[in-house]
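model05.pdb, holding PDB, C-alpha atoms:
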ATOM      1  CA  MET Q1164     -11.404 -10.440 100.700
ATOM      2  CA  SER Q1165      -7.639 -10.545 100.005
ATOM      3  CA  PRO Q1166      -5.518 -12.800 102.264
ATOM      4  CA  VAL Q1167      -3.001  -9.977 102.858
ATOM      5  CA  PRO Q1168      -4.548  -6.827 104.222
ATOM      6  CA  GLY Q1169      -4.184  -3.839 101.857
ATOM      7  CA  SER Q1170      -2.783  -5.959  98.979
ATOM      8  CA  ALA Q1171      -5.701  -5.094  96.678
ATOM      9  CA  ARG Q1172      -5.074  -1.431  97.149
ATOM     10  CA  MET Q1173      -1.392  -1.970  96.508
ATOM     11  CA  GLU Q1174      -2.236  -3.797  93.258
ATOM     12  CA  HIS Q1175      -4.444  -0.956  92.090
ATOM     13  CA  LEU Q1176      -1.727   1.501  92.917
ATOM     14  CA  ALA Q1177       0.928  -0.549  91.133
ATOM     15  CA  GLN Q1178      -1.393  -0.875  88.127
ATOM     16  CA  ALA Q1179      -2.004   2.877  88.003
ATOM     17  CA  VAL Q1180       1.712   3.625  88.352
ATOM     18  CA  ALA Q1181       2.627   1.118  85.653
ATOM     19  CA  GLU Q1182       0.046   2.547  83.221
ATOM     20  CA  ARG Q1183       1.267   6.057  83.867
ATOM     21  CA  VAL Q1184       4.918   5.044  83.452
ATOM     22  CA  VAL Q1185       4.220   3.180  80.211
ATOM     23  CA  SER Q1186       2.267   6.165  78.898
ATOM     24  CA  ILE Q1187       5.125   8.559  79.729
ATOM     25  CA  VAL Q1188       7.728   6.203  78.229
ATOM     26  CA  MET Q1189       5.674   5.745  75.050
ATOM     27  CA  ASP Q1190       5.298   9.503  74.700
ATOM     28  CA  ALA Q1191       9.024   9.912  75.161
ATOM     29  CA  ILE Q1192       9.959   7.348  72.529
ATOM     30  CA  ASP Q1193      10.570   8.656  69.008
ATOM     31  CA  ILE Q1194       9.155   5.758  66.973
ATOM     32  CA  ASP Q1195      10.630   7.043  63.708
ATOM     33  CA  ALA Q1196      14.107   7.264  65.192
ATOM     34  CA  LEU Q1197      13.691   3.781  66.625
ATOM     35  CA  LEU Q1198      12.616   2.357  63.280
ATOM     36  CA  GLU Q1199      15.563   4.020  61.598
ATOM     37  CA  ARG Q1200      17.916   2.177  63.960
ATOM     38  CA  ILE Q1201      16.386  -1.164  63.115
ATOM     39  CA  ASP Q1202      18.326  -3.066  60.457
ATOM     40  CA  VAL Q1203      15.417  -4.460  58.481
ATOM     41  CA  ASP Q1204      17.695  -6.472  56.170
ATOM     42  CA  ALA Q1205      19.270  -8.218  59.164
ATOM     43  CA  LEU Q1206      15.844  -8.845  60.575
ATOM     44  CA  VAL Q1207      14.545 -10.300  57.324
ATOM     45  CA  SER Q1208      17.667 -12.438  56.918
ATOM     46  CA  ARG Q1209      16.849 -14.078  60.234
ATOM     47  CA  VAL Q1210      13.415 -15.100  58.972
ATOM     48  CA  ASP Q1211      13.348 -18.614  57.549
ATOM     49  CA  VAL Q1212      11.153 -17.988  54.528
ATOM     50  CA  ASP Q1213      11.200 -21.650  53.496
ATOM     51  CA  SER Q1214       9.855 -22.592  56.835
ATOM     52  CA  VAL Q1215       7.108 -19.972  56.585
ATOM     53  CA  VAL Q1216       6.177 -21.078  53.093
ATOM     54  CA  SER Q1217       6.185 -24.727  54.058
ATOM     55  CA  ARG Q1218       3.662 -23.915  56.740
ATOM     56  CA  VAL Q1219       1.284 -22.363  54.218
ATOM     57  CA  ASP Q1220      -1.261 -24.807  52.892
ATOM     58  CA  VAL Q1221      -1.438 -23.683  49.274
ATOM     59  CA  ASP Q1222      -4.202 -26.116  48.404
ATOM     60  CA  LYS Q1223      -6.327 -24.726  51.186
ATOM     61  CA  LEU Q1224      -5.572 -21.227  50.001
ATOM     62  CA  ILE Q1225      -6.580 -22.042  46.427
ATOM     63  CA  ASP Q1226      -9.707 -23.784  47.659
ATOM     64  CA  ARG Q1227     -10.773 -20.528  49.230
ATOM     65  CA  VAL Q1228     -10.394 -18.643  45.926
ATOM     66  CA  ASP Q1229     -13.590 -18.690  43.915
ATOM     67  CA  VAL Q1230     -12.192 -18.712  40.365
ATOM     68  CA  GLU Q1231     -15.632 -18.918  38.790
ATOM     69  CA  LYS Q1232     -16.642 -15.733  40.582
ATOM     70  CA  ILE Q1233     -13.527 -13.937  39.335
ATOM     71  CA  ILE Q1234     -14.145 -15.068  35.748
ATOM     72  CA  GLU Q1235     -17.773 -14.007  36.000
ATOM     73  CA  ARG Q1236     -16.669 -10.511  36.983
ATOM     74  CA  VAL Q1237     -14.344 -10.205  33.970
ATOM     75  CA  ASP Q1238     -16.130  -8.809  30.919
ATOM     76  CA  VAL Q1239     -14.287 -10.766  28.222
ATOM     77  CA  GLU Q1240     -16.361  -9.323  25.402
ATOM     78  CA  LYS Q1241     -15.457  -5.796  26.481
ATOM     79  CA  ILE Q1242     -11.778  -6.730  26.519
ATOM     80  CA  ILE Q1243     -12.016  -8.240  23.038
ATOM     81  CA  GLU Q1244     -13.876  -5.149  21.824
ATOM     82  CA  ARG Q1245     -10.954  -3.024  22.984
ATOM     83  CA  VAL Q1246      -8.424  -5.073  21.037
ATOM     84  CA  ASP Q1247      -7.735  -3.473  17.661
ATOM     85  CA  ILE Q1248      -7.213  -6.612  15.596
ATOM     86  CA  ASP Q1249      -6.330  -4.681  12.443
ATOM     87  CA  ALA Q1250      -3.665  -2.661  14.270
ATOM     88  CA  LEU Q1251      -2.350  -5.858  15.852
ATOM     89  CA  MET Q1252      -2.051  -7.489  12.463
ATOM     90  CA  GLU Q1253      -0.400  -4.399  10.999
ATOM     91  CA  LYS Q1254       2.058  -3.905  13.841
ATOM     92  CA  THR Q1255       3.057  -7.514  14.117
ATOM     93  CA  GLU Q1256       3.898 -10.176  11.592
ATOM     94  CA  LEU Q1257       1.169 -12.334  13.046
ATOM     95  CA  GLY Q1258      -1.129 -11.985  10.053
ATOM     96  CA  SER Q1259       1.457 -12.700   7.452
ATOM     97  CA  ILE Q1260       2.895 -15.612   9.436
ATOM     98  CA  ILE Q1261      -0.547 -17.166   9.871
ATOM     99  CA  ALA Q1262      -1.462 -16.579   6.246
ATOM    100  CA  ARG Q1263       1.790 -17.878   4.873
ATOM    101  CA  SER Q1264       2.162 -20.808   7.239
ATOM    102  CA  THR Q1265      -1.050 -22.205   5.780
ATOM    103  CA  THR Q1266       0.433 -22.366   2.300
ATOM    104  CA  GLY Q1267       3.022 -24.927   1.359
ATOM    105  CA  VAL Q1268       4.870 -25.384  -1.885
ATOM    106  CA  ALA Q1269       3.468 -22.209  -3.462
ATOM    107  CA  SER Q1270       4.848 -19.979  -0.721
ATOM    108  CA  GLU Q1271       8.180 -21.783  -0.870
ATOM    109  CA  VAL Q1272       8.445 -21.135  -4.610
ATOM    110  CA  LEU Q1273       7.490 -17.494  -4.060
ATOM    111  CA  ASP Q1274      10.126 -17.168  -1.327
ATOM    112  CA  VAL Q1275      12.793 -18.477  -3.693
ATOM    113  CA  ILE Q1276      11.734 -16.184  -6.573
ATOM    114  CA  ARG Q1277      11.595 -13.129  -4.294
ATOM    115  CA  ALA Q1278      14.883 -13.925  -2.564
ATOM    116  CA  GLN Q1279      16.578 -14.316  -5.940
ATOM    117  CA  GLY Q1280      15.021 -11.041  -7.079
ATOM    118  CA  VAL Q1281      16.234  -9.148  -4.016
ATOM    119  CA  GLY Q1282      19.701 -10.694  -4.397
ATOM    120  CA  LEU Q1283      19.931  -9.536  -8.023
ATOM    121  CA  ASP Q1284      18.574  -6.099  -7.067
ATOM    122  CA  ASP Q1285      21.381  -5.769  -4.532
ATOM    123  CA  PHE Q1286      23.969  -7.003  -7.019
ATOM    124  CA  PHE Q1287      23.073  -4.368  -9.612
ATOM    125  CA  ALA Q1288      22.630  -1.642  -6.981
ATOM    126  CA  ARG Q1289      26.148  -2.356  -5.637
ATOM    127  CA  TRP Q1290      27.698  -2.033  -9.102
ATOM    128  CA  VAL Q1291      25.804   1.140  -9.939
ATOM    129  CA  ASN Q1292      26.836   2.644  -6.593
ATOM    130  CA  ARG Q1293      30.467   1.806  -7.385
ATOM    131  CA  LEU Q1294      30.198   3.384 -10.822
ATOM    132  CA  LEU Q1295      28.544   6.510  -9.457
ATOM    133  CA  ARG Q1296      30.904   6.562  -6.441
ATOM    134  CA  ARG Q1297      28.007   6.595  -3.988
ATOM    135  CA  ARG Q1298      28.139   5.283  -0.469
ATOM    136  CA  PRO Q1299      25.218   2.841   0.046
ATOM    137  CA  ASP Q1300      24.791   3.883   3.692
ATOM    138  CA  GLU Q1301      24.040   7.441   2.582
ATOM    139  CA  LEU Q1302      21.159   6.385   0.333
ATOM    140  CA  PRO Q1303      17.590   6.401   1.669
ATOM    141  CA  LEU Q1304      16.321   2.892   2.355
ATOM    142  CA  GLY Q1305      12.708   3.707   1.583
ATOM    143  CA  PRO Q1306       9.933   6.280   1.883
ATOM    144  CA  PRO Q1307      10.087   8.197   5.202
ATOM    145  CA  GLY Q1308       6.731   6.813   6.315
ATOM    146  CA  LEU Q1309       7.929   3.227   6.006
ATOM    147  CA  VAL Q1310      11.543   3.285   7.187
ATOM    148  CA  ALA Q1311      13.563   5.507   9.487
ATOM    149  CA  PRO Q1312      15.556   8.133   7.565
ATOM    150  CA  VAL Q1313      19.269   7.518   7.156
ATOM    151  CA  PRO Q1314      21.175   9.715   9.645
ATOM    152  CA  ALA Q1315      23.429  12.369   8.157
ATOM    153  CA  PRO Q1316      27.199  11.739   8.486
ATOM    154  CA  ALA Q1317      27.450  14.561  11.057
ATOM    155  CA  GLU Q1318      24.819  12.843  13.203
ATOM    156  CA  LEU Q1319      26.679   9.541  12.896
ATOM    157  CA  ASN Q1320      29.897  11.159  14.088
ATOM    158  CA  ALA Q1321      28.089  12.818  16.979
ATOM    159  CA  GLY Q1322      26.570   9.457  17.944
ATOM    160  CA  ALA Q1323      29.954   7.756  17.817
ATOM    161  CA  ALA Q1324      31.484  10.482  19.967
TER     162      ALA Q1324
ATOM    163  CA  MET E 562      27.170 -13.302  -9.766
ATOM    164  CA  ALA E 563      25.998 -12.709  -6.247
ATOM    165  CA  THR E 564      22.550 -14.103  -5.746
ATOM    166  CA  THR E 565      20.667 -14.883  -2.617
ATOM    167  CA  SER E 566      19.630 -18.476  -2.150
ATOM    168  CA  MET E 567      17.213 -19.831   0.416
ATOM    169  CA  ALA E 568      20.192 -20.916   2.503
ATOM    170  CA  LYS E 569      20.650 -17.292   3.481
ATOM    171  CA  PRO E 570      17.394 -15.401   3.044
ATOM    172  CA  VAL E 571      17.396 -11.617   2.954
ATOM    173  CA  GLU E 572      15.971 -10.052   6.090
ATOM    174  CA  GLY E 573      13.909  -7.003   6.953
ATOM    175  CA  ARG E 574      13.352  -5.410   3.561
ATOM    176  CA  GLN E 575       9.707  -4.438   4.008
ATOM    177  CA  GLY E 576       9.265  -0.790   3.032
ATOM    178  CA  HIS E 577      12.677  -0.503   1.331
ATOM    179  CA  TYR E 578      12.850   0.749  -2.256
ATOM    180  CA  ALA E 579      12.531  -2.185  -4.655
ATOM    181  CA  GLY E 580      15.332  -2.778  -7.137
ATOM    182  CA  ALA E 581      15.355  -2.918 -10.924
ATOM    183  CA  VAL E 582      15.363  -6.700 -11.345
ATOM    184  CA  SER E 583      12.347  -7.327  -9.103
ATOM    185  CA  ARG E 584      10.446  -4.563 -10.882
ATOM    186  CA  LEU E 585      11.428  -5.787 -14.347
ATOM    187  CA  VAL E 586      10.433  -9.386 -13.614
ATOM    188  CA  ALA E 587       7.145  -8.204 -12.080
ATOM    189  CA  PHE E 588       6.439  -6.156 -15.200
ATOM    190  CA  ALA E 589       7.238  -9.116 -17.471
ATOM    191  CA  ALA E 590       4.855 -11.270 -15.416
ATOM    192  CA  ASP E 591       2.185  -8.579 -15.732
ATOM    193  CA  VAL E 592       2.616  -8.363 -19.486
ATOM    194  CA  GLY E 593       2.151 -12.126 -19.678
ATOM    195  CA  ALA E 594      -0.846 -12.109 -17.327
ATOM    196  CA  SER E 595      -2.596  -9.164 -18.979
ATOM    197  CA  TRP E 596      -2.095 -10.515 -22.507
ATOM    198  CA  GLY E 597      -3.198 -13.956 -21.406
ATOM    199  CA  LEU E 598      -6.385 -12.539 -19.918
ATOM    200  CA  PHE E 599      -6.949 -10.320 -22.968
ATOM    201  CA  SER E 600      -6.560 -13.261 -25.344
ATOM    202  CA  LEU E 601      -8.940 -15.287 -23.198
ATOM    203  CA  GLY E 602     -11.486 -12.454 -23.264
ATOM    204  CA  ALA E 603     -11.092 -12.008 -27.033
ATOM    205  CA  ALA E 604     -11.607 -15.727 -27.609
ATOM    206  CA  ALA E 605     -14.699 -15.714 -25.388
ATOM    207  CA  LEU E 606     -16.053 -12.677 -27.248
ATOM    208  CA  ALA E 607     -15.431 -14.269 -30.661
ATOM    209  CA  PHE E 608     -17.107 -17.480 -29.517
ATOM    210  CA  THR E 609     -20.149 -15.608 -28.179
ATOM    211  CA  ILE E 610     -20.529 -13.528 -31.360
ATOM    212  CA  GLN E 611     -20.211 -16.668 -33.468
ATOM    213  CA  LEU E 612     -22.808 -18.368 -31.317
ATOM    214  CA  VAL E 613     -25.271 -15.481 -31.568
ATOM    215  CA  THR E 614     -24.796 -14.446 -35.215
ATOM    216  CA  GLY E 615     -23.773 -17.783 -36.630
ATOM    217  CA  SER E 616     -20.919 -16.203 -38.617
ATOM    218  CA  ALA E 617     -17.200 -16.470 -37.831
ATOM    219  CA  PHE E 618     -15.676 -13.502 -35.965
ATOM    220  CA  SER E 619     -12.033 -12.672 -35.351
ATOM    221  CA  LEU E 620     -10.433  -9.612 -33.760
ATOM    222  CA  ARG E 621      -7.593  -9.898 -36.290
ATOM    223  CA  SER E 622      -9.932  -8.575 -38.949
ATOM    224  CA  HIS E 623     -10.622  -5.485 -36.801
ATOM    225  CA  GLN E 624      -7.073  -4.324 -36.064
ATOM    226  CA  ILE E 625      -7.804  -0.760 -34.960
ATOM    227  CA  ALA E 626     -10.616  -1.897 -32.710
ATOM    228  CA  SER E 627      -8.302  -4.596 -31.326
ATOM    229  CA  LEU E 628      -5.580  -2.066 -30.581
ATOM    230  CA  VAL E 629      -7.993   0.296 -28.856
ATOM    231  CA  ALA E 630      -9.480  -2.583 -26.870
ATOM    232  CA  ALA E 631      -5.999  -3.778 -25.880
ATOM    233  CA  ALA E 632      -4.969  -0.269 -24.773
ATOM    234  CA  ILE E 633      -8.133   0.144 -22.692
ATOM    235  CA  TRP E 634      -7.656  -3.296 -21.216
ATOM    236  CA  GLU E 635      -4.014  -2.564 -20.239
ATOM    237  CA  PHE E 636      -5.105   0.706 -18.648
ATOM    238  CA  ILE E 637      -7.811  -1.059 -16.626
ATOM    239  CA  TYR E 638      -5.467  -3.932 -15.711
ATOM    240  CA  PHE E 639      -2.804  -1.692 -14.175
ATOM    241  CA  ALA E 640      -4.882   1.265 -12.897
ATOM    242  CA  TYR E 641      -7.516  -0.885 -11.223
ATOM    243  CA  GLN E 642      -5.039  -3.136  -9.434
ATOM    244  CA  TRP E 643      -2.807  -0.278  -8.300
ATOM    245  CA  ALA E 644      -5.812   1.657  -7.030
ATOM    246  CA  LEU E 645      -7.195  -1.405  -5.276
ATOM    247  CA  SER E 646      -4.151  -2.758  -3.480
ATOM    248  CA  GLY E 647      -1.063  -0.964  -4.783
ATOM    249  CA  LYS E 648       0.115  -4.098  -6.546
ATOM    250  CA  THR E 649      -0.530  -6.007  -9.747
ATOM    251  CA  ILE E 650      -0.422  -9.783 -10.129
ATOM    252  CA  GLY E 651       3.247  -9.657 -11.140
ATOM    253  CA  MET E 652       4.118  -7.338  -8.265
ATOM    254  CA  ALA E 653       2.321  -9.619  -5.813
ATOM    255  CA  VAL E 654       4.394 -12.560  -7.060
ATOM    256  CA  LEU E 655       7.638 -10.598  -6.643
ATOM    257  CA  GLY E 656       6.560  -9.165  -3.278
ATOM    258  CA  ILE E 657       6.606  -5.488  -4.210
ATOM    259  CA  ARG E 658       3.979  -2.731  -4.181
ATOM    260  CA  VAL E 659       3.411   0.866  -5.191
ATOM    261  CA  VAL E 660       3.091   3.548  -2.502
ATOM    262  CA  LYS E 661       3.115   7.340  -2.419
ATOM    263  CA  THR E 662       6.534   8.960  -2.003
ATOM    264  CA  ASP E 663       5.820   9.393   1.725
ATOM    265  CA  GLY E 664       5.036   5.688   2.085
ATOM    266  CA  THR E 665       1.245   5.917   2.399
ATOM    267  CA  PRO E 666      -0.978   3.767   0.154
ATOM    268  CA  ILE E 667      -1.759   5.226  -3.253
ATOM    269  CA  GLY E 668      -5.287   6.219  -4.239
ATOM    270  CA  ALA E 669      -7.180   6.104  -7.511
ATOM    271  CA  ARG E 670      -5.679   9.441  -8.637
ATOM    272  CA  GLN E 671      -2.072   8.245  -8.327
ATOM    273  CA  ALA E 672      -2.983   4.890  -9.861
ATOM    274  CA  ILE E 673      -4.512   6.527 -12.943
ATOM    275  CA  LEU E 674      -1.661   9.060 -13.228
ATOM    276  CA  ARG E 675       0.936   6.312 -12.940
ATOM    277  CA  THR E 676      -0.784   4.190 -15.572
ATOM    278  CA  LEU E 677      -1.011   7.102 -17.991
ATOM    279  CA  ALA E 678       2.622   8.117 -17.351
ATOM    280  CA  PHE E 679       3.919   4.558 -17.577
ATOM    281  CA  PRO E 680       4.347   4.525 -21.417
ATOM    282  CA  LEU E 681       6.476   7.689 -21.177
ATOM    283  CA  SER E 682       9.245   5.717 -19.454
ATOM    284  CA  PHE E 683       9.535   3.562 -22.600
ATOM    285  CA  LEU E 684      10.389   6.570 -24.746
ATOM    286  CA  LEU E 685      14.018   7.004 -25.914
ATOM    287  CA  LEU E 686      14.815   3.294 -25.613
ATOM    288  CA  GLY E 687      13.432   2.997 -22.124
ATOM    289  CA  LEU E 688      15.503   5.852 -20.738
ATOM    290  CA  GLY E 689      12.783   6.590 -18.201
ATOM    291  CA  PHE E 690      13.494   3.310 -16.420
ATOM    292  CA  LEU E 691      17.166   4.106 -15.936
ATOM    293  CA  GLY E 692      16.254   6.143 -12.862
ATOM    294  CA  ILE E 693      15.430   2.894 -11.022
ATOM    295  CA  LEU E 694      19.151   2.107 -11.120
ATOM    296  CA  THR E 695      20.668   5.567 -10.910
ATOM    297  CA  THR E 696      18.512   7.755  -8.666
ATOM    298  CA  ARG E 697      18.818   7.726  -4.883
ATOM    299  CA  ASP E 698      15.178   6.768  -4.373
ATOM    300  CA  ARG E 699      14.982   4.405  -7.378
ATOM    301  CA  HIS E 700      12.349   6.450  -9.209
ATOM    302  CA  ALA E 701      11.470   5.932 -12.866
ATOM    303  CA  TRP E 702       9.918   8.776 -14.849
ATOM    304  CA  HIS E 703       6.376   7.561 -14.260
ATOM    305  CA  ASP E 704       7.113   7.408 -10.515
ATOM    306  CA  ARG E 705       8.249  11.029 -10.557
ATOM    307  CA  LEU E 706       5.187  12.149 -12.522
ATOM    308  CA  ALA E 707       2.697  10.277 -10.358
ATOM    309  CA  GLY E 708       4.473  10.886  -7.029
ATOM    310  CA  THR E 709       4.859   7.197  -6.315
ATOM    311  CA  ALA E 710       7.575   4.748  -5.270
ATOM    312  CA  VAL E 711       7.898   0.972  -5.448
ATOM    313  CA  VAL E 712       8.843  -0.832  -2.237
ATOM    314  CA  TYR E 713       9.296  -4.412  -1.070
ATOM    315  CA  SER E 714       6.204  -5.706   0.690
ATOM    316  CA  TRP E 715       7.538  -9.228   1.016
ATOM    317  CA  ASP E 716       7.999 -10.415   4.580
ATOM    318  CA  ALA E 717      11.462 -11.926   4.334
ATOM    319  CA  ARG E 718      11.641 -12.599   8.065
ATOM    320  CA  ALA E 719       8.580 -14.872   7.892
ATOM    321  CA  ALA E 720      10.276 -16.741   5.055
ATOM    322  CA  ARG E 721      13.385 -17.106   7.188
ATOM    323  CA  LEU E 722      11.311 -18.454  10.093
ATOM    324  CA  ARG E 723       9.732 -21.034   7.809
ATOM    325  CA  TRP E 724      13.141 -21.966   6.479
ATOM    326  CA  LEU E 725      14.559 -22.314   9.992
ATOM    327  CA  ALA E 726      11.550 -24.383  11.078
ATOM    328  CA  LYS E 727      12.187 -26.768   8.215
ATOM    329  CA  GLN E 728      15.838 -27.012   9.195
ATOM    330  CA  ASP E 729      14.821 -27.921  12.769
ATOM    331  CA  THR E 730      12.406 -30.621  11.668
ATOM    332  CA  GLY E 731      14.858 -31.981   9.146
ATOM    333  CA  ALA E 732      12.411 -31.500   6.287
ATOM    334  CA  PRO E 733      13.912 -30.756   2.899
ATOM    335  CA  ALA E 734      14.168 -26.988   2.418
TER     336      ALA E 734
END
What does this structure look like when you write it as structure tokens?
Amino acid sequence: MSPVPGSARMEHLAQAVAERVVSIVMDAIDIDALLERIDVDALVSRVDVDSVVSRVDVDKLIDRVDVEKIIERVDVEKIIERVDIDALMEKTELGSIIARSTTGVASEVLDVIRAQGVGLDDFFARWVNRLLRRRPDELPLGPPGLVAPVPAPAELNAGAA
Amino acid sequence: MATTSMAKPVEGRQGHYAGAVSRLVAFAADVGASWGLFSLGAAALAFTIQLVTGSAFSLRSHQIASLVAAAIWEFIYFAYQWALSGKTIGMAVLGIRVVKTDGTPIGARQAILRTLAFPLSFLLLGLGFLGILTTRDRHAWHDRLAGTAVVYSWDARAARLRWLAKQDTGAPA
């Protein structure tokens, strides 16, 4: 029995009133409008991230991660099967770099011969272009399937504009 | 004369039309290689015949047969290599290869056509080769007839990387 007569009833009543009031207030509140008024940036700026991070036990977190289980679930062979090695070699210079990095003096000699050849090619091409009054930038660099076509002068002007 | 030394390697030429000098040097190397191999084969044949029959044999005493054999050998040397990889031994050394005019690899048909048309470029004091210098797409007569082009296949950027790596390590370039 309560020490004050009728206090239990009063408590029940107060409880019921409070619940009803809270329910009415909650219904009346427009949560979206309220959220819009909250300055999230200001709120976040007040959070001490360093302090939060320092409280996280990373080692404990990592201990809980079962790496073996993750690796077991990854089908490495399927991934490798999906890799088109030939396309990779064609699209990148990986193949040629690997192949040529394994050779020594021979590749160096070849580089010199080829570089000299290309230099002489350019030398003669420049003179012939002068004689024929051709602009080198208007000449095609190579077959269309291997190099991008040279843009027409009109296109160049449009690009510059 | 402006030449390119290893101190300043040429970059990014893969797929560009190859010039006259590279093509000429590649051809000279091929002439040397094909004649070297032919002479080796002829010597081996003469030795074998001498071994089997016991009498001395020399191709010099069979000039017409030698000429026919040499012509067939040259045809096989160029056509087979072009059909196989688009490049001969000399072209591989100079870092150039034969492709179709659209840039795709050539097949056996183009390789055979190109080999058969090749002698035509020698006619009229090699006039057919002049197109390598004068035409916009550097085509010789045999290129026009076979629908082919010669491009650089040499990876100059890889060469530059190697050169730069040597500079970094202080190794002699």
Next on the checklist: I need the chain E residues near chain Q as a count of residues only; criterion: at most 6 Å, counting only C-alpha atoms.
Outcome noted: 15
Item to check | CA of Leu685 in chain E to CA of Ser595 in chain E, distance in Å rounded to a single decimal | outcome: 24.2 Å
Got a sec to resolve the PyMOL selection byres ((chain E and resi 675) around 8) on this structure and send the residues as an mmCIF file with C-alpha atoms, keeping the file's coordinate frame?
data_model
loop_
_atom_site.group_PDB
_atom_site.id
_atom_site.type_symbol
_atom_site.label_atom_id
_atom_site.label_comp_id
_atom_site.auth_asym_id
_atom_site.auth_seq_id
_atom_site.Cartn_x
_atom_site.Cartn_y
_atom_site.Cartn_z
ATOM 1 C CA ALA E 640 -4.882 1.265 -12.897
ATOM 2 C CA GLN E 671 -2.072 8.245 -8.327
ATOM 3 C CA ALA E 672 -2.983 4.890 -9.861
ATOM 4 C CA ILE E 673 -4.512 6.527 -12.943
ATOM 5 C CA LEU E 674 -1.661 9.060 -13.228
ATOM 6 C CA THR E 676 -0.784 4.190 -15.572
ATOM 7 C CA LEU E 677 -1.011 7.102 -17.991
ATOM 8 C CA ALA E 678 2.622 8.117 -17.351
ATOM 9 C CA PHE E 679 3.919 4.558 -17.577
ATOM 10 C CA HIS E 703 6.376 7.561 -14.260
ATOM 11 C CA ASP E 704 7.113 7.408 -10.515
ATOM 12 C CA LEU E 706 5.187 12.149 -12.522
ATOM 13 C CA ALA E 707 2.697 10.277 -10.358
ATOM 14 C CA THR E 709 4.859 7.197 -6.315
#
Where is the centre and how long are the edges: axis-aligned box on range 582-586 of chain E, 8 Å on each side, Å to one decimal, as JSON:
{"center_x": 12.9, "center_y": -7.0, "center_z": -11.7, "size_x": 20.9, "size_y": 20.8, "size_z": 21.2}
Complete range 670-682 of chain E at the level of N, CA and C atoms, written as a PDB file, in the coordinates of the input.
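Result file follows (rebuild31.pdb):
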ATOM      1  N   ARG E 670      -6.293   8.368  -7.848  1.00  0.00           N
ATOM      2  CA  ARG E 670      -5.679   9.441  -8.637  1.00  0.00           C
ATOM      3  C   ARG E 670      -4.242   9.063  -9.037  1.00  0.00           C
ATOM      4  N   GLN E 671      -3.461   8.633  -8.041  1.00  0.00           N
ATOM      5  CA  GLN E 671      -2.072   8.245  -8.327  1.00  0.00           C
ATOM      6  C   GLN E 671      -2.021   7.029  -9.251  1.00  0.00           C
ATOM      7  N   ALA E 672      -2.969   6.113  -9.039  1.00  0.00           N
ATOM      8  CA  ALA E 672      -2.983   4.890  -9.861  1.00  0.00           C
ATOM      9  C   ALA E 672      -3.232   5.232 -11.329  1.00  0.00           C
ATOM     10  N   ILE E 673      -4.189   6.131 -11.553  1.00  0.00           N
ATOM     11  CA  ILE E 673      -4.512   6.527 -12.943  1.00  0.00           C
ATOM     12  C   ILE E 673      -3.343   7.308 -13.550  1.00  0.00           C
ATOM     13  N   LEU E 674      -2.802   8.258 -12.761  1.00  0.00           N
ATOM     14  CA  LEU E 674      -1.661   9.060 -13.228  1.00  0.00           C
ATOM     15  C   LEU E 674      -0.480   8.164 -13.595  1.00  0.00           C
ATOM     16  N   ARG E 675      -0.203   7.208 -12.724  1.00  0.00           N
ATOM     17  CA  ARG E 675       0.936   6.312 -12.940  1.00  0.00           C
ATOM     18  C   ARG E 675       0.741   5.471 -14.201  1.00  0.00           C
ATOM     19  N   THR E 676      -0.495   5.008 -14.392  1.00  0.00           N
ATOM     20  CA  THR E 676      -0.784   4.190 -15.572  1.00  0.00           C
ATOM     21  C   THR E 676      -0.632   5.008 -16.852  1.00  0.00           C
ATOM     22  N   LEU E 677      -1.117   6.248 -16.806  1.00  0.00           N
ATOM     23  CA  LEU E 677      -1.011   7.102 -17.991  1.00  0.00           C
ATOM     24  C   LEU E 677       0.445   7.497 -18.273  1.00  0.00           C
ATOM     25  N   ALA E 678       1.229   7.687 -17.188  1.00  0.00           N
ATOM     26  CA  ALA E 678       2.622   8.117 -17.351  1.00  0.00           C
ATOM     27  C   ALA E 678       3.555   6.951 -17.680  1.00  0.00           C
ATOM     28  N   PHE E 679       3.085   5.749 -17.403  1.00  0.00           N
ATOM     29  CA  PHE E 679       3.919   4.558 -17.577  1.00  0.00           C
ATOM     30  C   PHE E 679       4.534   4.443 -18.973  1.00  0.00           C
ATOM     31  N   PRO E 680       3.755   4.648 -20.057  1.00  0.00           N
ATOM     32  CA  PRO E 680       4.347   4.525 -21.417  1.00  0.00           C
ATOM     33  C   PRO E 680       5.470   5.529 -21.663  1.00  0.00           C
ATOM     34  N   LEU E 681       5.433   6.666 -20.963  1.00  0.00           N
ATOM     35  CA  LEU E 681       6.476   7.689 -21.177  1.00  0.00           C
ATOM     36  C   LEU E 681       7.872   7.158 -20.841  1.00  0.00           C
ATOM     37  N   SER E 682       7.944   6.266 -19.851  1.00  0.00           N
ATOM     38  CA  SER E 682       9.245   5.717 -19.454  1.00  0.00           C
ATOM     39  C   SER E 682       9.863   4.845 -20.550  1.00  0.00           C
TER      40      SER E 682
END
